[in-house]
>>> print(open('my_file-v5.txt').read())   # compact mmCIF, C-alpha atoms
# COMPACT_ATOMS: atom_id res chain seq x y z
CA MET E 1 7.16 7.15 8.12
CA PRO E 2 5.22 4.52 6.18
CA LEU E 3 5.94 1.79 3.68
CA GLU E 4 4.62 2.22 0.15
CA ILE E 5 4.52 -0.47 -2.51
CA ILE E 6 4.95 0.97 -5.99
CA ARG E 7 5.39 -0.08 -9.61
CA GLN E 8 8.27 2.04 -10.86
CA ASP E 9 11.72 1.96 -12.41
CA ILE E 10 13.96 2.00 -9.35
CA THR E 11 16.61 4.05 -11.17
CA LYS E 12 14.16 6.96 -11.48
CA ILE E 13 13.02 7.19 -7.87
CA PRO E 14 14.21 10.39 -6.14
CA CYS E 15 15.11 9.28 -2.63
CA ASP E 16 18.10 9.14 -0.33
CA ALA E 17 19.09 5.59 -1.25
CA ILE E 18 18.16 2.84 -3.66
CA VAL E 19 19.13 -0.79 -3.20
CA ASN E 20 21.02 -2.66 -5.90
CA PRO E 21 20.50 -6.46 -5.85
CA THR E 22 23.87 -7.77 -6.98
CA ASN E 23 26.37 -10.61 -6.47
CA THR E 24 29.19 -11.02 -3.99
CA LYS E 25 31.75 -9.63 -6.48
CA LEU E 26 29.72 -6.42 -7.00
CA PHE E 27 30.02 -6.85 -10.76
CA PRO E 28 26.82 -6.16 -12.76
CA ASP E 29 25.56 -9.22 -14.59
CA GLY E 30 22.15 -8.13 -15.86
CA GLY E 31 18.66 -7.22 -14.68
CA THR E 32 18.19 -4.48 -12.11
CA ASP E 33 21.90 -4.53 -11.28
CA ALA E 34 22.90 -3.65 -14.86
CA ALA E 35 20.12 -1.04 -15.15
CA ILE E 36 21.34 0.76 -12.01
CA HIS E 37 24.93 0.80 -13.27
CA MET E 38 23.83 2.11 -16.65
CA ALA E 39 21.82 4.93 -15.06
CA ALA E 40 24.53 5.81 -12.52
CA GLY E 41 27.38 5.92 -15.03
CA PRO E 42 30.83 4.24 -15.09
CA GLU E 43 31.83 5.87 -11.79
CA LEU E 44 29.60 3.40 -9.94
CA LEU E 45 31.52 0.35 -11.17
CA ALA E 46 34.81 2.07 -10.35
CA ALA E 47 33.57 2.70 -6.80
CA CYS E 48 32.42 -0.91 -6.45
CA ARG E 49 35.86 -2.21 -7.41
CA THR E 50 37.36 -0.46 -4.37
CA LEU E 51 35.06 -2.25 -1.89
CA GLY E 52 36.38 -5.80 -2.20
CA GLY E 53 32.99 -7.41 -2.63
CA VAL E 54 30.17 -8.12 -0.19
CA GLU E 55 29.07 -11.30 1.57
CA THR E 56 25.69 -12.87 0.90
CA GLY E 57 23.16 -11.18 3.18
CA GLY E 58 25.39 -8.15 3.72
CA ALA E 59 25.32 -4.64 2.27
CA VAL E 60 27.78 -1.92 1.25
CA LEU E 61 27.24 1.69 0.19
CA THR E 62 28.48 3.93 -2.61
CA SER E 63 27.48 7.32 -3.99
CA GLY E 64 24.56 7.42 -6.42
CA PHE E 65 26.57 9.41 -9.00
CA SER E 66 24.19 10.21 -11.93
CA LEU E 67 21.16 8.64 -10.25
CA PRO E 68 18.49 10.79 -8.56
CA ALA E 69 19.32 8.87 -5.36
CA ARG E 70 22.11 10.13 -3.11
CA TYR E 71 23.37 6.61 -2.34
CA VAL E 72 23.31 3.13 -3.82
CA ILE E 73 23.27 0.32 -1.27
CA HIS E 74 24.54 -2.92 -2.79
CA THR E 75 23.42 -6.26 -1.36
CA ALA E 76 24.14 -9.83 -2.44
CA GLY E 77 21.00 -11.91 -2.21
CA PRO E 78 20.92 -15.69 -1.83
CA VAL E 79 20.50 -18.03 -4.78
CA TRP E 80 17.43 -20.23 -4.40
CA HIS E 81 18.26 -23.90 -3.71
CA GLY E 82 14.78 -25.07 -2.85
CA GLY E 83 14.60 -23.41 0.56
CA THR E 84 16.90 -25.85 2.35
CA ALA E 85 20.09 -23.77 2.42
CA GLY E 86 19.05 -20.97 4.77
CA GLU E 87 17.78 -18.78 1.94
CA ASP E 88 15.04 -17.17 4.09
CA ARG E 89 17.52 -16.16 6.79
CA LEU E 90 19.96 -14.72 4.24
CA LEU E 91 17.25 -12.77 2.43
CA THR E 92 16.00 -11.32 5.72
CA SER E 93 19.58 -10.30 6.44
CA CYS E 94 19.78 -8.53 3.05
CA TYR E 95 16.78 -6.33 3.78
CA LEU E 96 17.80 -5.63 7.37
CA SER E 97 21.41 -4.84 6.39
CA CYS E 98 20.22 -2.36 3.75
CA LEU E 99 17.82 -0.64 6.13
CA ASN E 100 20.37 -0.39 8.94
CA LEU E 101 23.03 0.96 6.57
CA ALA E 102 20.59 3.59 5.27
CA ARG E 103 19.72 4.59 8.84
CA ASP E 104 23.41 4.83 9.79
CA HIS E 105 23.96 7.27 6.90
CA GLY E 106 21.05 9.50 7.88
CA CYS E 107 18.73 8.43 5.07
CA GLN E 108 15.10 9.45 5.41
CA SER E 109 13.94 7.45 2.38
CA ILE E 110 14.97 4.25 0.63
CA ALA E 111 13.72 2.19 -2.33
CA LEU E 112 14.20 -1.57 -2.28
CA PRO E 113 13.45 -4.12 -5.02
CA LEU E 114 12.41 -7.75 -4.63
CA ILE E 115 15.91 -9.08 -3.92
CA SER E 116 16.85 -12.47 -5.43
CA ALA E 117 13.49 -12.69 -7.25
CA GLY E 118 15.07 -12.52 -10.72
CA SER E 119 17.87 -14.70 -12.03
CA PHE E 120 18.63 -15.96 -8.50
CA GLY E 121 15.33 -17.88 -8.64
CA PHE E 122 13.83 -17.01 -5.25
CA PRO E 123 10.00 -17.37 -5.53
CA LYS E 124 8.52 -13.87 -5.77
CA ASP E 125 5.70 -14.47 -3.33
CA GLN E 126 8.17 -15.62 -0.68
CA VAL E 127 10.48 -12.67 -1.34
CA LEU E 128 7.53 -10.32 -0.95
CA LYS E 129 6.49 -11.93 2.34
CA ILE E 130 10.01 -11.72 3.80
CA ALA E 131 10.49 -8.15 2.56
CA LEU E 132 7.23 -6.90 4.05
CA GLU E 133 7.77 -8.63 7.39
CA THR E 134 11.35 -7.35 7.72
CA ILE E 135 10.53 -3.79 6.64
CA SER E 136 7.45 -3.61 8.89
CA THR E 137 9.45 -4.77 11.91
CA PHE E 138 12.14 -2.19 11.16
CA LEU E 139 9.59 0.62 10.81
CA PHE E 140 8.13 -0.13 14.23
CA GLN E 141 11.48 0.95 15.67
CA HIS E 142 12.64 3.60 13.18
CA ASP E 143 11.19 6.43 11.09
CA MET E 144 11.98 6.14 7.39
CA MET E 145 10.03 6.35 4.13
CA VAL E 146 10.42 2.94 2.51
CA TYR E 147 9.42 2.16 -1.06
CA LEU E 148 9.14 -1.48 -2.07
CA VAL E 149 9.45 -1.53 -5.85
CA VAL E 150 7.69 -4.22 -7.89
CA PHE E 151 7.12 -4.57 -11.62
CA ASP E 152 4.26 -7.01 -12.00
CA LYS E 153 1.38 -8.77 -10.28
CA GLU E 154 3.18 -12.12 -10.05
CA ALA E 155 4.57 -11.10 -6.66
CA TYR E 156 1.02 -10.54 -5.43
CA ARG E 157 -0.57 -13.76 -6.62
CA LEU E 158 -3.44 -14.73 -4.31
CA SER E 159 -4.29 -18.28 -3.38
CA GLU E 160 -6.96 -19.80 -5.62
CA ALA E 161 -9.33 -20.27 -2.68
CA LEU E 162 -9.01 -16.66 -1.52
CA PHE E 163 -9.34 -15.32 -5.05
CA ALA E 164 -12.48 -17.39 -5.67
CA ASP E 165 -14.03 -16.25 -2.38
CA ILE E 166 -13.29 -12.58 -3.07
CA GLN E 167 -14.58 -12.85 -6.64
CA SER E 168 -17.80 -14.42 -5.40
CA TYR E 169 -18.24 -11.63 -2.87
CA ILE E 170 -17.62 -8.99 -5.54
CA ASP E 171 -20.15 -10.62 -7.85
CA ASP E 172 -22.75 -10.55 -5.06
CA HIS E 173 -22.11 -7.02 -3.80
CA TYR E 174 -20.61 -4.87 -6.55
CA ALA E 175 -23.46 -3.34 -8.53
CA GLN E 176 -21.60 -1.15 -11.02
CA PRO E 177 -20.29 -3.85 -13.40
CA TYR E 178 -23.79 -5.27 -13.79
CA LEU E 179 -25.40 -1.92 -14.55
CA SER E 180 -22.70 -0.70 -16.90
CA SER E 181 -22.40 -3.99 -18.79
CA ARG E 182 -26.17 -4.24 -19.08
CA PHE E 183 -26.46 -0.82 -20.68
CA SER E 184 -23.39 -1.44 -22.83
CA ARG E 185 -24.81 -4.68 -24.18
CA ASN E 186 -28.14 -3.00 -24.90
CA ALA E 187 -26.39 -0.18 -26.67
CA MET E 188 -24.25 -2.43 -28.85
CA ALA E 189 -26.85 -5.08 -29.58
CA ASP E 190 -29.87 -3.02 -30.54
CA THR E 191 -29.34 0.71 -30.77
CA ASP E 192 -32.39 1.15 -33.03
CA ASN E 193 -34.68 -0.21 -30.34
CA MET E 194 -33.35 1.86 -27.46
CA PRO E 195 -36.26 3.25 -25.44
CA ALA E 196 -36.89 6.95 -25.49
CA PRO E 197 -35.28 8.98 -22.73
CA ASP E 198 -38.53 9.36 -20.85
CA ALA E 199 -38.93 5.58 -20.83
CA MET E 200 -35.62 5.03 -19.05
CA PRO E 201 -36.06 6.42 -15.55
CA MET E 202 -33.12 4.39 -14.22
CA MET E 203 -30.73 6.27 -16.47
CA GLN E 204 -32.03 9.68 -15.50
CA SER E 205 -30.59 11.43 -12.49
CA ALA E 206 -32.68 14.04 -10.79
CA PRO E 207 -30.99 17.40 -10.39
CA LYS E 208 -29.39 17.69 -7.02
CA LYS E 209 -31.10 20.18 -4.80
CA LYS E 210 -28.67 22.20 -2.77
CA PRO E 211 -29.54 21.83 0.91
CA SER E 212 -30.69 24.97 2.62
CA PHE E 213 -28.61 26.69 5.25
CA LYS E 214 -31.06 25.49 7.87
CA ALA E 215 -30.66 21.87 6.72
CA ARG E 216 -26.88 22.13 6.73
CA LEU E 217 -26.91 23.65 10.19
CA SER E 218 -29.21 20.88 11.38
CA ASP E 219 -26.78 18.26 10.09
CA ALA E 220 -23.89 19.99 11.82
CA ILE E 221 -25.73 20.11 15.11
CA LYS E 222 -26.33 16.35 14.93
CA LEU E 223 -22.61 15.59 14.56
CA ASP E 224 -21.21 13.70 17.51
CA GLU E 225 -17.60 13.50 18.67
CA SER E 226 -14.83 14.48 16.26
CA PHE E 227 -12.55 12.01 14.46
CA PRO E 228 -9.57 12.47 16.85
CA VAL E 229 -11.79 12.01 19.90
CA LYS E 230 -13.47 8.95 18.40
CA LEU E 231 -10.10 7.51 17.36
CA LEU E 232 -8.58 7.98 20.84
CA ARG E 233 -11.64 6.42 22.46
CA LEU E 234 -11.39 3.39 20.18
CA MET E 235 -7.67 3.06 20.89
CA ASP E 236 -8.36 3.15 24.61
CA ALA E 237 -11.05 0.48 24.26
CA LYS E 238 -8.62 -1.72 22.30
CA GLY E 239 -5.76 -1.08 24.73
CA MET E 240 -3.52 0.26 21.96
CA ASP E 241 -1.08 3.13 22.38
CA GLU E 242 -0.70 5.83 19.74
CA VAL E 243 2.64 4.66 18.31
CA ALA E 244 1.44 1.09 17.87
CA CYS E 245 -1.75 2.39 16.25
CA TYR E 246 -0.26 4.67 13.63
CA LYS E 247 2.55 2.22 12.89
CA LYS E 248 0.10 -0.63 12.36
CA ALA E 249 -2.03 1.68 10.21
CA ASN E 250 1.11 2.55 8.20
CA VAL E 251 0.58 6.25 8.87
CA SER E 252 3.47 8.65 9.31
CA LYS E 253 4.19 10.38 12.61
CA GLN E 254 3.65 13.72 10.87
CA THR E 255 0.15 12.71 9.76
CA TRP E 256 -0.65 11.49 13.27
CA TYR E 257 0.40 14.84 14.77
CA LYS E 258 -1.72 16.70 12.24
CA ILE E 259 -4.76 14.61 13.14
CA MET E 260 -4.25 15.19 16.84
CA ASN E 261 -3.18 18.84 16.85
CA ASP E 262 -4.52 20.63 13.77
CA LYS E 263 -8.22 21.31 14.22
CA HIS E 264 -8.56 22.14 10.52
CA TYR E 265 -6.87 18.96 9.29
CA LYS E 266 -9.15 16.35 7.74
CA PRO E 267 -7.66 12.89 7.13
CA ASN E 268 -8.43 11.37 3.76
CA ARG E 269 -10.62 8.31 3.42
CA LYS E 270 -7.81 5.77 3.02
CA THR E 271 -6.12 7.04 6.18
CA VAL E 272 -9.36 6.56 8.13
CA ILE E 273 -9.77 3.06 6.67
CA SER E 274 -6.19 2.23 7.66
CA PHE E 275 -6.87 3.25 11.26
CA ALA E 276 -10.02 1.10 11.23
CA LEU E 277 -7.93 -1.87 10.07
CA ALA E 278 -5.25 -1.18 12.69
CA LEU E 279 -7.96 -1.19 15.37
CA GLU E 280 -9.56 -4.31 13.85
CA LEU E 281 -12.99 -2.71 13.72
CA THR E 282 -16.08 -4.40 12.36
CA LEU E 283 -17.76 -3.09 9.20
CA PRO E 284 -20.42 -1.13 11.17
CA GLU E 285 -17.73 0.33 13.45
CA THR E 286 -15.66 1.31 10.40
CA GLN E 287 -18.67 2.99 8.80
CA LYS E 288 -19.18 5.04 11.98
CA LEU E 289 -15.52 6.08 12.05
CA LEU E 290 -15.69 7.08 8.38
CA ALA E 291 -18.92 8.98 8.97
CA SER E 292 -17.22 11.13 11.60
CA VAL E 293 -15.31 12.82 8.74
CA GLY E 294 -18.05 12.58 6.14
CA PHE E 295 -17.07 9.34 4.35
CA THR E 296 -18.63 5.91 3.82
CA LEU E 297 -17.98 2.54 2.18
CA SER E 298 -20.34 1.93 -0.71
CA GLU E 299 -21.18 -0.99 -2.99
CA SER E 300 -20.66 1.08 -6.15
CA SER E 301 -16.86 1.19 -5.81
CA LEU E 302 -14.73 -1.91 -6.35
CA PHE E 303 -12.15 -0.59 -3.88
CA ASP E 304 -14.88 -0.19 -1.25
CA VAL E 305 -16.32 -3.65 -1.89
CA ILE E 306 -12.88 -5.22 -1.40
CA ILE E 307 -12.43 -3.33 1.88
CA ARG E 308 -15.90 -4.44 2.98
CA TYR E 309 -15.00 -8.04 2.18
CA CYS E 310 -11.84 -7.81 4.28
CA LEU E 311 -13.66 -6.27 7.24
CA GLU E 312 -16.43 -8.88 7.11
CA ASN E 313 -13.89 -11.70 6.92
CA GLY E 314 -11.49 -10.49 9.60
CA ILE E 315 -8.64 -9.59 7.23
CA TYR E 316 -6.94 -6.64 8.94
CA ASP E 317 -3.34 -6.82 7.72
CA VAL E 318 -2.94 -3.77 5.47
CA LEU E 319 -0.14 -5.53 3.58
CA GLU E 320 -2.38 -8.47 2.71
CA ILE E 321 -5.21 -6.11 1.78
CA ASP E 322 -2.92 -4.16 -0.53
CA SER E 323 -2.01 -7.39 -2.29
CA ILE E 324 -5.71 -7.98 -2.95
CA LEU E 325 -6.24 -4.41 -4.16
CA PHE E 326 -3.16 -4.71 -6.38
CA GLN E 327 -4.55 -7.86 -8.01
CA TYR E 328 -7.73 -5.99 -8.94
CA ASP E 329 -5.84 -2.94 -10.29
CA GLN E 330 -7.07 -0.73 -7.45
CA GLU E 331 -5.10 2.03 -5.79
CA THR E 332 -3.50 0.63 -2.66
CA LEU E 333 -3.83 1.92 0.88
CA PHE E 334 -0.11 2.72 0.85
CA SER E 335 -0.61 5.23 -1.97
CA ARG E 336 -3.03 7.36 0.03
CA LEU E 337 -0.59 10.18 0.88
>>> encode(input="my_file-v5.txt", output="structure tokens")
Amino acid sequence: MPLEIIRQDITKIPCDAIVNPTNTKLFPDGGTDAAIHMAAGPELLAACRTLGGVETGGAVLTSGFSLPARYVIHTAGPVWHGGTAGEDRLLTSCYLSCLNLARDHGCQSIALPLISAGSFGFPKDQVLKIALETISTFLFQHDMMVYLVVFDKEAYRLSEALFADIQSYIDDHYAQPYLSSRFSRNAMADTDNMPAPDAMPMMQSAPKKKPSFKARLSDAIKLDESFPVKLLRLMDAKGMDEVACYKKANVSKQTWYKIMNDKHYKPNRKTVISFALALELTLPETQKLLASVGFTLSESSLFDVIIRYCLENGIYDVLEIDSILFQYDQETLFSRL
């Protein structure tokens, strides 16, 4: 099952387990920890008092009580001391301990926050990097739906150089802002001098003519190999097995089986894009793969322009791409299902 990054109140996520970032004494002292205790009710604190604490980097489990989650997994994250006191190792241990504990209790889904990113002072971008790397490694070996819960864009801050390069690319390739702002400025600045409708051919759209049956049949006849066949051929050319492919694409095993076995199943556009990224295809190769199920990447969609930028610049890590999409308020690849 895949990893999905979401902006949500962790206490309201219906899943098998949520993770509570706490201290070694398991006593709530504010932030997410206090919010989870408040939502769960006083029984949670009573249960925590019976556990005798938890070591930094470790994890313990209680019932979820009044929460929509069945379990609460409590973990004590490291306090940030500048990165010289083994903080990275301890934070990695937090995420891995939580995931292993959830697996041991039969959990199929878990929601984790950015541990130690609040009052413990761990830089959010570093927490995000460690969380994604640890979760991704775990998911290559185990099936579980993992939600990484974030509240703001600070965790996704791009480097200035990358942001400037992407913005320049968007300015050069994304047509919609120019057209819409142009017409908006005209409308606001001089509505009395707006040209008559027949003088504005660019704003008129010709009625779409429904293609004839013969034309549709002709298009169908020209279709080449199906998406599953094309995908398997590309995997073979890249020397990638099916598990590695759908894991790298962040696609669930169930979706993979549907693609391969259900002749009526049509993957959505983001799923196809994710497979293209997993296979590290070029932009023309990606367009061909998309075309096999009737999709394309355009220059009139900001999401599409960002994906085009990544393909043209060899950025294939779906986690990094989602951080870019997140910065521009676009729906992420992880939210495709």
>>> closest_residue(input="my_file-v5.txt", among="E:Met260, E:Cys48, E:Ile13, E:Ile273", to="Lys248 in chain E", atoms="all atoms listed in the file")
E:Ile273
>>> residues_around(input="my_file-v5.txt", residues="range 223-232 of chain E", least_positions_apart="5", cutoff="9 Å", atoms="only C-alpha atoms", output="PyMOL selection string")
chain E and resi 237+242+259-260+266-267+272+275-276+289-293
>>> residues_near_point(input="my_file-v5.txt", point="(-10.3, -0.1, 18.9)", cutoff="10 Å", atoms="only C-alpha atoms", output="NGL selection string")
:E and (230-240 or 245 or 275-282 or 285)
>>> residues_around(input="my_file-v5.txt", residues="range 97-102 of chain E", least_positions_apart="4", cutoff="8 Å", atoms="only C-alpha atoms", output="tab-separated table (two decimals) with C-alpha atoms, keeping the file's coordinate frame")
chain	number	residue	atom	x	y	z
E	17	ALA	CA	19.09	5.59	-1.25
E	19	VAL	CA	19.13	-0.79	-3.20
E	57	GLY	CA	23.16	-11.18	3.18
E	58	GLY	CA	25.39	-8.15	3.72
E	59	ALA	CA	25.32	-4.64	2.27
E	60	VAL	CA	27.78	-1.92	1.25
E	61	LEU	CA	27.24	1.69	0.19
E	73	ILE	CA	23.27	0.32	-1.27
E	74	HIS	CA	24.54	-2.92	-2.79
E	75	THR	CA	23.42	-6.26	-1.36
E	93	SER	CA	19.58	-10.30	6.44
E	106	GLY	CA	21.05	9.50	7.88
E	107	CYS	CA	18.73	8.43	5.07
E	110	ILE	CA	14.97	4.25	0.63
E	135	ILE	CA	10.53	-3.79	6.64
E	138	PHE	CA	12.14	-2.19	11.16
>>> closest_residue(input="my_file-v5.txt", among="E:Val146, E:Ala34, E:Ala249, E:Ile166", to="Cys15 in chain E", atoms="all atoms listed in the file")
E:Val146
>>> atom_distance(input="my_file-v5.txt", atom1="CA of Tyr316 in chain E", atom2="CA of Glu331 in chain E")
17.2 Å
>>> atom_distance(input="my_file-v5.txt", atom1="CA of Asp88 in chain E", atom2="CA of Val54 in chain E")
18.1 Å
>>> closest_residue(input="my_file-v5.txt", among="E:Tyr246, E:Tyr257, E:Phe303, E:Tyr309", to="Tyr169 in chain E", atoms="only C-alpha atoms")
E:Tyr309
